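Undergrad: Contents of query_17.cif (mmCIF, C-alpha atoms) are given next:
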```cif
data_upload
#
loop_
_atom_site.label_atom_id
_atom_site.label_comp_id
_atom_site.auth_asym_id
_atom_site.auth_seq_id
_atom_site.Cartn_x
_atom_site.Cartn_y
_atom_site.Cartn_z
CA ALA A 17 -6.01 -24.65 20.12
CA GLN A 18 -9.34 -23.37 21.27
CA LYS A 19 -11.82 -22.01 18.77
CA ILE A 20 -15.21 -20.34 19.03
CA THR A 21 -17.54 -20.24 16.02
CA GLN A 22 -20.51 -17.91 15.71
CA THR A 23 -22.11 -18.66 12.36
CA GLN A 24 -24.65 -15.81 12.34
CA PRO A 25 -23.05 -12.47 11.45
CA GLY A 26 -26.43 -10.75 11.79
CA MET A 27 -29.83 -11.63 13.22
CA PHE A 28 -33.19 -9.87 13.29
CA VAL A 29 -35.96 -10.44 15.82
CA GLN A 30 -39.32 -8.84 16.44
CA GLU A 31 -39.73 -7.05 19.74
CA LYS A 32 -41.14 -9.33 22.49
CA GLU A 33 -40.15 -12.50 20.65
CA ALA A 34 -37.39 -14.92 21.68
CA VAL A 35 -34.15 -15.30 19.75
CA THR A 36 -31.32 -17.83 19.81
CA LEU A 37 -27.74 -16.86 19.02
CA ASP A 38 -25.57 -19.81 18.05
CA CYS A 39 -22.15 -20.64 19.42
CA THR A 40 -20.06 -23.76 18.94
CA TYR A 41 -16.66 -24.34 20.46
CA ASP A 42 -13.70 -26.61 20.09
CA THR A 43 -11.32 -27.56 22.87
CA SER A 44 -9.41 -30.54 24.16
CA ASP A 45 -9.62 -29.27 27.74
CA GLN A 46 -11.96 -30.92 30.23
CA SER A 47 -12.33 -27.81 32.37
CA TYR A 48 -13.46 -24.62 30.73
CA GLY A 49 -15.90 -21.80 31.10
CA LEU A 50 -18.27 -20.38 28.51
CA PHE A 51 -19.35 -16.74 28.56
CA TRP A 52 -21.59 -14.43 26.62
CA TYR A 53 -20.96 -10.69 26.39
CA LYS A 54 -23.04 -7.89 24.91
CA GLN A 55 -21.46 -4.90 23.16
CA PRO A 56 -23.85 -2.01 22.45
CA SER A 57 -22.96 0.65 19.90
CA SER A 58 -21.27 2.64 22.69
CA GLY A 59 -18.52 0.01 22.70
CA GLU A 60 -18.39 -1.28 26.25
CA MET A 61 -18.42 -5.05 26.78
CA ILE A 62 -21.08 -6.23 29.22
CA PHE A 63 -20.98 -9.69 30.78
CA LEU A 64 -24.30 -11.55 30.43
CA ILE A 65 -24.01 -15.17 31.50
CA TYR A 66 -21.56 -17.93 32.42
CA GLN A 67 -21.63 -21.73 32.08
CA GLY A 68 -19.01 -24.03 33.56
CA SER A 69 -18.10 -27.20 31.72
CA TYR A 70 -19.09 -29.32 34.70
CA ASP A 71 -22.36 -27.54 35.39
CA GLU A 72 -25.24 -29.91 34.82
CA GLN A 73 -27.93 -27.26 34.71
CA ASN A 74 -28.19 -24.67 31.98
CA ALA A 75 -27.32 -21.19 33.25
CA THR A 76 -30.02 -18.54 33.44
CA GLU A 77 -29.84 -14.83 34.22
CA GLY A 78 -33.13 -13.00 33.94
CA ARG A 79 -34.15 -13.01 30.27
CA TYR A 80 -30.91 -14.73 29.25
CA SER A 81 -30.39 -18.46 29.25
CA LEU A 82 -27.58 -20.58 27.91
CA ASN A 83 -28.50 -23.77 26.07
CA PHE A 84 -25.44 -25.88 26.88
CA GLN A 85 -25.05 -29.12 24.93
CA LYS A 86 -21.67 -30.49 25.90
CA ALA A 87 -21.63 -33.49 23.56
CA ARG A 88 -22.35 -31.22 20.60
CA LYS A 89 -19.97 -28.54 21.93
CA SER A 90 -22.56 -25.84 21.63
CA ALA A 91 -23.45 -22.99 23.97
CA ASN A 92 -26.28 -21.05 22.41
CA LEU A 93 -27.63 -17.88 24.02
CA VAL A 94 -31.39 -17.56 24.25
CA ILE A 95 -32.89 -14.13 24.84
CA SER A 96 -36.55 -14.21 25.76
CA ALA A 97 -39.02 -11.35 25.24
CA SER A 98 -36.62 -9.23 23.19
CA GLN A 99 -36.46 -5.51 23.85
CA LEU A 100 -35.24 -2.69 21.64
CA GLY A 101 -32.30 -2.22 24.02
CA ASP A 102 -31.13 -5.73 23.19
CA SER A 103 -29.93 -4.49 19.80
CA ALA A 104 -26.16 -4.94 20.03
CA MET A 105 -23.30 -7.21 19.09
CA TYR A 106 -23.04 -10.42 21.09
CA PHE A 107 -19.86 -12.37 21.67
CA CYS A 108 -19.44 -15.93 22.81
CA ALA A 109 -16.18 -16.69 24.63
CA MET A 110 -14.44 -19.66 26.17
CA ARG A 111 -11.97 -19.48 28.98
CA GLU A 112 -9.27 -21.99 29.79
CA ILE A 113 -9.51 -22.77 33.47
CA ASN A 114 -6.21 -24.49 34.15
CA THR A 115 -3.73 -22.16 32.46
CA ASN A 116 -1.95 -18.97 33.37
CA ALA A 117 -4.41 -16.11 33.63
CA GLY A 118 -7.27 -18.22 32.25
CA LYS A 119 -7.22 -16.37 28.95
CA SER A 120 -10.31 -16.36 26.77
CA THR A 121 -10.98 -16.99 23.10
CA PHE A 122 -13.76 -14.97 21.51
CA GLY A 123 -15.99 -15.62 18.53
CA ASP A 124 -16.41 -13.08 15.74
CA GLY A 125 -19.72 -11.91 17.15
CA THR A 126 -23.37 -11.73 16.06
CA THR A 127 -25.11 -8.42 15.49
CA LEU A 128 -28.67 -8.57 16.79
CA THR A 129 -31.27 -6.08 15.64
CA VAL A 130 -34.60 -5.93 17.44
CA LYS A 131 -37.41 -4.56 15.30
CA PRO A 132 -40.32 -2.65 16.88
CA ASP B 3 -18.59 0.11 41.70
CA VAL B 4 -15.79 -1.97 40.20
CA LYS B 5 -14.03 -0.40 37.32
CA VAL B 6 -11.51 -0.78 34.52
CA THR B 7 -10.43 2.53 33.07
CA GLN B 8 -8.43 3.33 29.96
CA SER B 9 -6.47 6.52 29.53
CA SER B 10 -8.17 7.72 26.34
CA ARG B 11 -11.42 7.00 24.47
CA TYR B 12 -10.07 8.40 21.20
CA LEU B 13 -6.48 8.83 20.08
CA VAL B 14 -4.95 10.03 16.82
CA LYS B 15 -1.26 9.42 16.18
CA ARG B 16 1.11 9.62 13.24
CA THR B 17 3.00 6.75 11.64
CA GLY B 18 6.23 6.06 13.49
CA GLU B 19 5.17 7.60 16.79
CA LYS B 20 5.53 5.69 20.05
CA VAL B 21 2.09 5.19 21.58
CA PHE B 22 1.19 4.29 25.16
CA LEU B 23 -2.25 2.95 26.07
CA GLU B 24 -2.84 2.76 29.81
CA CYS B 25 -5.27 0.54 31.66
CA VAL B 26 -6.04 0.64 35.37
CA GLN B 27 -8.30 -1.66 37.40
CA ASP B 28 -9.43 -1.20 40.97
CA MET B 29 -10.48 -4.78 41.72
CA ASP B 30 -7.10 -6.18 42.82
CA HIS B 31 -7.23 -8.63 39.90
CA GLU B 32 -4.18 -10.73 39.10
CA ASN B 33 -4.94 -11.12 35.40
CA MET B 34 -5.05 -8.37 32.81
CA PHE B 35 -5.46 -8.49 29.04
CA TRP B 36 -5.12 -6.33 25.96
CA TYR B 37 -7.28 -7.03 22.90
CA ARG B 38 -7.80 -5.35 19.61
CA GLN B 39 -11.18 -5.41 17.91
CA ASP B 40 -11.63 -5.05 14.19
CA PRO B 41 -14.87 -5.43 12.20
CA GLY B 42 -15.60 -9.06 11.40
CA LEU B 43 -12.62 -10.32 13.38
CA GLY B 44 -13.99 -10.33 16.91
CA LEU B 45 -11.56 -9.72 19.77
CA ARG B 46 -7.99 -10.82 19.27
CA LEU B 47 -5.64 -11.15 22.23
CA ILE B 48 -2.45 -9.14 21.97
CA TYR B 49 -0.79 -9.73 25.37
CA PHE B 50 -1.82 -10.74 28.84
CA SER B 51 -0.34 -10.68 32.31
CA TYR B 52 -1.04 -12.92 35.30
CA ASP B 53 1.10 -11.11 37.85
CA VAL B 54 3.24 -8.02 38.28
CA LYS B 55 6.15 -8.07 35.81
CA MET B 56 4.80 -11.29 34.24
CA LYS B 57 3.55 -11.17 30.68
CA GLU B 58 2.76 -13.57 27.89
CA LYS B 59 2.16 -13.13 24.20
CA GLY B 60 -1.33 -13.61 22.91
CA ASP B 61 -2.34 -14.38 19.37
CA ILE B 62 -1.15 -11.18 17.67
CA PRO B 63 1.77 -9.68 19.65
CA GLU B 64 3.79 -8.42 16.68
CA GLY B 65 4.35 -4.68 16.80
CA TYR B 66 3.29 -4.41 20.45
CA SER B 67 4.87 -4.65 23.87
CA VAL B 68 3.45 -4.38 27.38
CA SER B 69 4.46 -3.33 30.83
CA ARG B 70 3.07 -4.30 34.23
CA GLU B 71 5.03 -2.64 37.00
CA LYS B 72 2.10 -2.44 39.43
CA LYS B 73 -0.74 -4.86 39.93
CA GLU B 74 -3.45 -2.38 39.00
CA ARG B 75 -1.84 -1.03 35.82
CA PHE B 76 -1.21 -2.71 32.49
CA SER B 77 0.22 -0.66 29.63
CA LEU B 78 0.21 -1.44 25.93
CA ILE B 79 3.03 0.09 23.90
CA LEU B 80 3.23 0.56 20.17
CA GLU B 81 6.93 1.16 19.62
CA SER B 82 6.46 2.61 16.12
CA ALA B 83 2.81 3.01 15.19
CA SER B 84 1.71 1.91 11.74
CA THR B 85 -1.54 2.46 9.88
CA ASN B 86 -2.50 -1.21 10.22
CA GLN B 87 -2.63 -0.70 13.97
CA THR B 88 -5.64 1.57 13.59
CA SER B 89 -8.22 -0.26 15.68
CA MET B 90 -10.30 -0.38 18.85
CA TYR B 91 -8.20 -1.50 21.81
CA LEU B 92 -9.90 -3.09 24.78
CA CYS B 93 -8.35 -3.78 28.16
CA ALA B 94 -9.81 -6.35 30.54
CA SER B 95 -9.09 -7.81 33.93
CA THR B 96 -10.27 -10.83 35.87
CA GLY B 97 -9.72 -12.63 39.13
CA ASP B 98 -9.89 -16.39 39.39
CA SER B 99 -10.57 -18.67 36.48
CA TYR B 100 -14.31 -18.91 37.05
CA ASN B 101 -14.98 -15.21 36.78
CA GLU B 102 -15.92 -13.15 33.80
CA GLN B 103 -13.59 -10.53 32.39
CA PHE B 104 -14.29 -6.90 33.21
CA PHE B 105 -13.65 -4.59 30.31
CA GLY B 106 -12.63 -0.99 30.03
CA PRO B 107 -14.52 1.40 27.73
CA GLY B 108 -12.00 0.94 24.89
CA THR B 109 -9.61 3.25 23.07
CA ARG B 110 -10.26 3.93 19.42
CA LEU B 111 -6.80 4.54 17.95
CA THR B 112 -6.29 6.06 14.52
CA VAL B 113 -2.81 6.05 13.02
CA LEU B 114 -2.38 8.48 10.13
#
```
Write the structure described by the file as structure tokens, please.
TA:
Amino acid sequence: AQKITQTQPGMFVQEKEAVTLDCTYDTSDQSYGLFWYKQPSSGEMIFLIYQGSYDEQNATEGRYSLNFQKARKSANLVISASQLGDSAMYFCAMREINTNAGKSTFGDGTTLTVKP
Amino acid sequence: DVKVTQSSRYLVKRTGEKVFLECVQDMDHENMFWYRQDPGLGLRLIYFSYDVKMKEKGDIPEGYSVSREKKERFSLILESASTNQTSMYLCASTGDSYNEQFFGPGTRLTVL
């Protein structure tokens, strides 16, 4: 069975600094996708970034980058130049590619607080 | 603008009532999902569907059923609501396997 582990229930970062949110995963599949989502206090889930298991380059999307280390089964999210609006809960997720519906497994989340 | 909508943001029901949570997507997605979110437990998959009238149990299906009569609509049914089903319910949809899931705004259900 697939499993996502986020070991940091809460993180603090100073505004304008970079922060890394940890994510490790466990799967026996060769093909999978890794995702990060942001959930502000309003509750909606916002997609941030995607990394495919066969992608050789780390994914980047603006201030977000994914530090993908396949051998260590880790997919850490790096947020550069933190902003107050980055305060939210962040979820790491893994999606099975070769199954019905490609269902995802989510981690328990990390609450990030950006301090002014 | 693509969208997943859920019928209610907040819902209060009594123990034993039958509860319907509706989800509609306008992206022609094949795959739709129902999750519940509880503090410290992340998102847990209740049921999912990969085609009209097709459904599969997720990790915590007990006490729930689903219906998918049309491609754009996926309903979650609590046959007899109980207090331990008080939670945030999130619906999501997605196209092919390489795409992210698109989430609805969530329904916060309270069962008294």
Undergrad: Out of A:Gln99, A:Cys108, A:Leu50, A:Phe122, which residue has the shortest atom-to-atom distance to Gln30 in chain A when counting only C-alpha atoms?
TA: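 Looking only at the distances to Gln30 in chain A, the closest residue turns out to be A:Gln99.
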Undergrad: Using the chain letters and numbering of this document, enumerate as a PDB file with C-alpha atoms, keeping the file's coordinate frame the residues selected by the PyMOL selection byres ((chain B) within 6 of (chain A)).
TA:
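The resulting file, out-v6.pdb, is shown below:
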```pdb
ATOM      1  CA  ASN B  33      -4.940 -11.120  35.400  1.00  0.00           C
ATOM      2  CA  GLY B  42     -15.600  -9.060  11.400  1.00  0.00           C
ATOM      3  CA  LEU B  43     -12.620 -10.320  13.380  1.00  0.00           C
ATOM      4  CA  GLY B  44     -13.990 -10.330  16.910  1.00  0.00           C
ATOM      5  CA  LEU B  45     -11.560  -9.720  19.770  1.00  0.00           C
ATOM      6  CA  TYR B  52      -1.040 -12.920  35.300  1.00  0.00           C
ATOM      7  CA  SER B  99     -10.570 -18.670  36.480  1.00  0.00           C
ATOM      8  CA  PHE B 105     -13.650  -4.590  30.310  1.00  0.00           C
ATOM      9  CA  PRO B 107     -14.520   1.400  27.730  1.00  0.00           C
TER      10      PRO B 107
END
```
Undergrad: Written as a PDB file with C-alpha atoms, keeping the file's coordinate frame, which residues does the PyMOL selection byres ((chain A and resi 40) around 9) give for the file shown?
TA:
```pdb
ATOM      1  CA  LYS A  19     -11.820 -22.010  18.770  1.00  0.00           C
ATOM      2  CA  ILE A  20     -15.210 -20.340  19.030  1.00  0.00           C
ATOM      3  CA  THR A  21     -17.540 -20.240  16.020  1.00  0.00           C
ATOM      4  CA  GLN A  22     -20.510 -17.910  15.710  1.00  0.00           C
ATOM      5  CA  THR A  23     -22.110 -18.660  12.360  1.00  0.00           C
ATOM      6  CA  ASP A  38     -25.570 -19.810  18.050  1.00  0.00           C
ATOM      7  CA  CYS A  39     -22.150 -20.640  19.420  1.00  0.00           C
ATOM      8  CA  TYR A  41     -16.660 -24.340  20.460  1.00  0.00           C
ATOM      9  CA  ASP A  42     -13.700 -26.610  20.090  1.00  0.00           C
ATOM     10  CA  ARG A  88     -22.350 -31.220  20.600  1.00  0.00           C
ATOM     11  CA  LYS A  89     -19.970 -28.540  21.930  1.00  0.00           C
ATOM     12  CA  SER A  90     -22.560 -25.840  21.630  1.00  0.00           C
ATOM     13  CA  ALA A  91     -23.450 -22.990  23.970  1.00  0.00           C
ATOM     14  CA  ASN A  92     -26.280 -21.050  22.410  1.00  0.00           C
ATOM     15  CA  CYS A 108     -19.440 -15.930  22.810  1.00  0.00           C
TER      16      CYS A 108
END
```
Undergrad: Have a look at CA of Lys32 in chain A and CA of Glu77 in chain A and let me know their distance in Å, one decimal.
TA: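 Value for the CA of Lys32 in chain A-CA of Glu77 in chain A distance: 17.2 Å.
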Undergrad: Counting all atoms listed in the file, find residues at most 6 Å from (2.2, -6.9, 24.1) (file frame) and give them as a CSV table (one decimal) with C-alpha atoms, in the coordinates of the input.
TA:
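Wrote it out as point_19.csv, contents follow:
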```
chain,number,residue,atom,x,y,z
B,48,ILE,CA,-2.4,-9.1,22.0
B,49,TYR,CA,-0.8,-9.7,25.4
B,63,PRO,CA,1.8,-9.7,19.6
B,66,TYR,CA,3.3,-4.4,20.4
B,67,SER,CA,4.9,-4.6,23.9
B,68,VAL,CA,3.4,-4.4,27.4
```
Undergrad: Please export range 35-68 of chain B as a PDB file, in the first residue's frame, restricted to N, CA, C and O atoms.
TA:
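out.pdb was written with the following content:
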```
ATOM      1  N   PHE B  35     -13.835  11.942  -6.804  1.00  0.00           N
ATOM      2  CA  PHE B  35     -13.438  11.412  -5.498  1.00  0.00           C
ATOM      3  C   PHE B  35     -14.198  12.124  -4.383  1.00  0.00           C
ATOM      4  O   PHE B  35     -14.489  13.317  -4.492  1.00  0.00           O
ATOM      5  N   TRP B  36     -14.439  11.389  -3.317  1.00  0.00           N
ATOM      6  CA  TRP B  36     -14.926  11.980  -2.071  1.00  0.00           C
ATOM      7  C   TRP B  36     -13.938  11.663  -0.954  1.00  0.00           C
ATOM      8  O   TRP B  36     -13.565  10.499  -0.746  1.00  0.00           O
ATOM      9  N   TYR B  37     -13.519  12.744  -0.243  1.00  0.00           N
ATOM     10  CA  TYR B  37     -12.632  12.626   0.908  1.00  0.00           C
ATOM     11  C   TYR B  37     -13.315  13.215   2.123  1.00  0.00           C
ATOM     12  O   TYR B  37     -14.160  14.101   2.009  1.00  0.00           O
ATOM     13  N   ARG B  38     -12.865  12.749   3.285  1.00  0.00           N
ATOM     14  CA  ARG B  38     -13.176  13.502   4.489  1.00  0.00           C
ATOM     15  C   ARG B  38     -11.864  13.938   5.126  1.00  0.00           C
ATOM     16  O   ARG B  38     -10.829  13.261   5.015  1.00  0.00           O
ATOM     17  N   GLN B  39     -11.916  15.127   5.736  1.00  0.00           N
ATOM     18  CA  GLN B  39     -10.715  15.709   6.338  1.00  0.00           C
ATOM     19  C   GLN B  39     -10.976  15.998   7.789  1.00  0.00           C
ATOM     20  O   GLN B  39     -11.903  16.757   8.127  1.00  0.00           O
ATOM     21  N   ASP B  40     -10.181  15.415   8.638  1.00  0.00           N
ATOM     22  CA  ASP B  40     -10.271  15.624  10.075  1.00  0.00           C
ATOM     23  C   ASP B  40      -8.908  16.093  10.589  1.00  0.00           C
ATOM     24  O   ASP B  40      -7.876  15.696  10.051  1.00  0.00           O
ATOM     25  N   PRO B  41      -8.900  16.928  11.623  1.00  0.00           N
ATOM     26  CA  PRO B  41      -7.632  17.475  12.135  1.00  0.00           C
ATOM     27  C   PRO B  41      -6.635  16.365  12.458  1.00  0.00           C
ATOM     28  O   PRO B  41      -6.960  15.394  13.151  1.00  0.00           O
ATOM     29  N   GLY B  42      -5.409  16.535  11.941  1.00  0.00           N
ATOM     30  CA  GLY B  42      -4.352  15.572  12.230  1.00  0.00           C
ATOM     31  C   GLY B  42      -4.407  14.292  11.432  1.00  0.00           C
ATOM     32  O   GLY B  42      -3.507  13.453  11.551  1.00  0.00           O
ATOM     33  N   LEU B  43      -5.444  14.134  10.620  1.00  0.00           N
ATOM     34  CA  LEU B  43      -5.594  12.877   9.864  1.00  0.00           C
ATOM     35  C   LEU B  43      -5.472  13.080   8.362  1.00  0.00           C
ATOM     36  O   LEU B  43      -5.654  12.138   7.594  1.00  0.00           O
ATOM     37  N   GLY B  44      -5.217  14.286   7.916  1.00  0.00           N
ATOM     38  CA  GLY B  44      -5.087  14.526   6.494  1.00  0.00           C
ATOM     39  C   GLY B  44      -6.394  14.283   5.762  1.00  0.00           C
ATOM     40  O   GLY B  44      -7.483  14.412   6.324  1.00  0.00           O
ATOM     41  N   LEU B  45      -6.291  13.908   4.495  1.00  0.00           N
ATOM     42  CA  LEU B  45      -7.459  13.585   3.681  1.00  0.00           C
ATOM     43  C   LEU B  45      -7.558  12.073   3.560  1.00  0.00           C
ATOM     44  O   LEU B  45      -6.587  11.413   3.186  1.00  0.00           O
ATOM     45  N   ARG B  46      -8.708  11.554   3.847  1.00  0.00           N
ATOM     46  CA  ARG B  46      -8.928  10.120   3.732  1.00  0.00           C
ATOM     47  C   ARG B  46      -9.992   9.868   2.660  1.00  0.00           C
ATOM     48  O   ARG B  46     -11.050  10.475   2.686  1.00  0.00           O
ATOM     49  N   LEU B  47      -9.694   8.934   1.769  1.00  0.00           N
ATOM     50  CA  LEU B  47     -10.555   8.656   0.633  1.00  0.00           C
ATOM     51  C   LEU B  47     -11.726   7.781   1.046  1.00  0.00           C
ATOM     52  O   LEU B  47     -11.521   6.695   1.606  1.00  0.00           O
ATOM     53  N   ILE B  48     -12.924   8.235   0.734  1.00  0.00           N
ATOM     54  CA  ILE B  48     -14.119   7.487   1.100  1.00  0.00           C
ATOM     55  C   ILE B  48     -14.533   6.573  -0.072  1.00  0.00           C
ATOM     56  O   ILE B  48     -14.639   5.359   0.086  1.00  0.00           O
ATOM     57  N   TYR B  49     -14.787   7.175  -1.219  1.00  0.00           N
ATOM     58  CA  TYR B  49     -15.158   6.466  -2.438  1.00  0.00           C
ATOM     59  C   TYR B  49     -14.600   7.234  -3.623  1.00  0.00           C
ATOM     60  O   TYR B  49     -14.364   8.431  -3.535  1.00  0.00           O
ATOM     61  N   PHE B  50     -14.443   6.536  -4.732  1.00  0.00           N
ATOM     62  CA  PHE B  50     -14.117   7.205  -5.970  1.00  0.00           C
ATOM     63  C   PHE B  50     -14.829   6.532  -7.134  1.00  0.00           C
ATOM     64  O   PHE B  50     -15.336   5.407  -6.997  1.00  0.00           O
ATOM     65  N   SER B  51     -14.846   7.235  -8.254  1.00  0.00           N
ATOM     66  CA  SER B  51     -15.535   6.743  -9.441  1.00  0.00           C
ATOM     67  C   SER B  51     -14.699   7.081 -10.662  1.00  0.00           C
ATOM     68  O   SER B  51     -14.199   8.204 -10.771  1.00  0.00           O
ATOM     69  N   TYR B  52     -14.535   6.136 -11.571  1.00  0.00           N
ATOM     70  CA  TYR B  52     -13.738   6.373 -12.771  1.00  0.00           C
ATOM     71  C   TYR B  52     -14.579   6.392 -14.039  1.00  0.00           C
ATOM     72  O   TYR B  52     -14.052   6.494 -15.145  1.00  0.00           O
ATOM     73  N   ASP B  53     -15.889   6.277 -13.875  1.00  0.00           N
ATOM     74  CA  ASP B  53     -16.781   6.363 -15.025  1.00  0.00           C
ATOM     75  C   ASP B  53     -18.208   6.412 -14.490  1.00  0.00           C
ATOM     76  O   ASP B  53     -18.468   6.075 -13.317  1.00  0.00           O
ATOM     77  N   VAL B  54     -19.140   6.768 -15.360  1.00  0.00           N
ATOM     78  CA  VAL B  54     -20.544   6.779 -14.951  1.00  0.00           C
ATOM     79  C   VAL B  54     -20.934   5.383 -14.463  1.00  0.00           C
ATOM     80  O   VAL B  54     -20.586   4.372 -15.080  1.00  0.00           O
ATOM     81  N   LYS B  55     -21.624   5.358 -13.362  1.00  0.00           N
ATOM     82  CA  LYS B  55     -22.132   4.134 -12.720  1.00  0.00           C
ATOM     83  C   LYS B  55     -21.019   3.224 -12.185  1.00  0.00           C
ATOM     84  O   LYS B  55     -21.305   2.153 -11.653  1.00  0.00           O
ATOM     85  N   MET B  56     -19.768   3.639 -12.301  1.00  0.00           N
ATOM     86  CA  MET B  56     -18.668   2.829 -11.756  1.00  0.00           C
ATOM     87  C   MET B  56     -18.195   3.484 -10.470  1.00  0.00           C
ATOM     88  O   MET B  56     -17.995   4.707 -10.421  1.00  0.00           O
ATOM     89  N   LYS B  57     -17.987   2.670  -9.445  1.00  0.00           N
ATOM     90  CA  LYS B  57     -17.530   3.211  -8.173  1.00  0.00           C
ATOM     91  C   LYS B  57     -16.655   2.179  -7.489  1.00  0.00           C
ATOM     92  O   LYS B  57     -16.817   0.977  -7.698  1.00  0.00           O
ATOM     93  N   GLU B  58     -15.752   2.681  -6.677  1.00  0.00           N
ATOM     94  CA  GLU B  58     -14.900   1.798  -5.888  1.00  0.00           C
ATOM     95  C   GLU B  58     -14.754   2.346  -4.489  1.00  0.00           C
ATOM     96  O   GLU B  58     -14.723   3.576  -4.298  1.00  0.00           O
ATOM     97  N   LYS B  59     -14.621   1.456  -3.536  1.00  0.00           N
ATOM     98  CA  LYS B  59     -14.414   1.879  -2.156  1.00  0.00           C
ATOM     99  C   LYS B  59     -13.006   2.423  -1.987  1.00  0.00           C
ATOM    100  O   LYS B  59     -12.049   1.926  -2.582  1.00  0.00           O
ATOM    101  N   GLY B  60     -12.924   3.457  -1.162  1.00  0.00           N
ATOM    102  CA  GLY B  60     -11.631   3.974  -0.784  1.00  0.00           C
ATOM    103  C   GLY B  60     -11.171   3.343   0.523  1.00  0.00           C
ATOM    104  O   GLY B  60     -11.424   2.173   0.773  1.00  0.00           O
ATOM    105  N   ASP B  61     -10.555   4.137   1.349  1.00  0.00           N
ATOM    106  CA  ASP B  61      -9.985   3.622   2.589  1.00  0.00           C
ATOM    107  C   ASP B  61     -10.982   3.552   3.741  1.00  0.00           C
ATOM    108  O   ASP B  61     -10.831   2.744   4.655  1.00  0.00           O
ATOM    109  N   ILE B  62     -12.000   4.412   3.704  1.00  0.00           N
ATOM    110  CA  ILE B  62     -12.961   4.459   4.820  1.00  0.00           C
ATOM    111  C   ILE B  62     -14.397   4.522   4.303  1.00  0.00           C
ATOM    112  O   ILE B  62     -15.125   5.466   4.561  1.00  0.00           O
ATOM    113  N   PRO B  63     -14.886   3.494   3.606  1.00  0.00           N
ATOM    114  CA  PRO B  63     -16.219   3.559   3.013  1.00  0.00           C
ATOM    115  C   PRO B  63     -17.373   3.274   3.978  1.00  0.00           C
ATOM    116  O   PRO B  63     -18.536   3.532   3.638  1.00  0.00           O
ATOM    117  N   GLU B  64     -17.063   2.762   5.151  1.00  0.00           N
ATOM    118  CA  GLU B  64     -18.141   2.315   6.052  1.00  0.00           C
ATOM    119  C   GLU B  64     -19.036   3.476   6.443  1.00  0.00           C
ATOM    120  O   GLU B  64     -18.561   4.545   6.868  1.00  0.00           O
ATOM    121  N   GLY B  65     -20.331   3.265   6.301  1.00  0.00           N
ATOM    122  CA  GLY B  65     -21.312   4.286   6.657  1.00  0.00           C
ATOM    123  C   GLY B  65     -21.665   5.235   5.528  1.00  0.00           C
ATOM    124  O   GLY B  65     -22.478   6.140   5.710  1.00  0.00           O
ATOM    125  N   TYR B  66     -21.025   5.019   4.364  1.00  0.00           N
ATOM    126  CA  TYR B  66     -21.244   5.895   3.204  1.00  0.00           C
ATOM    127  C   TYR B  66     -21.611   5.066   1.975  1.00  0.00           C
ATOM    128  O   TYR B  66     -21.266   3.900   1.879  1.00  0.00           O
ATOM    129  N   SER B  67     -22.308   5.703   1.057  1.00  0.00           N
ATOM    130  CA  SER B  67     -22.489   5.158  -0.281  1.00  0.00           C
ATOM    131  C   SER B  67     -22.393   6.305  -1.261  1.00  0.00           C
ATOM    132  O   SER B  67     -22.362   7.473  -0.868  1.00  0.00           O
ATOM    133  N   VAL B  68     -22.300   5.979  -2.549  1.00  0.00           N
ATOM    134  CA  VAL B  68     -22.156   7.016  -3.575  1.00  0.00           C
ATOM    135  C   VAL B  68     -23.030   6.670  -4.770  1.00  0.00           C
ATOM    136  O   VAL B  68     -23.498   5.540  -4.942  1.00  0.00           O
TER     137      VAL B  68
END
```
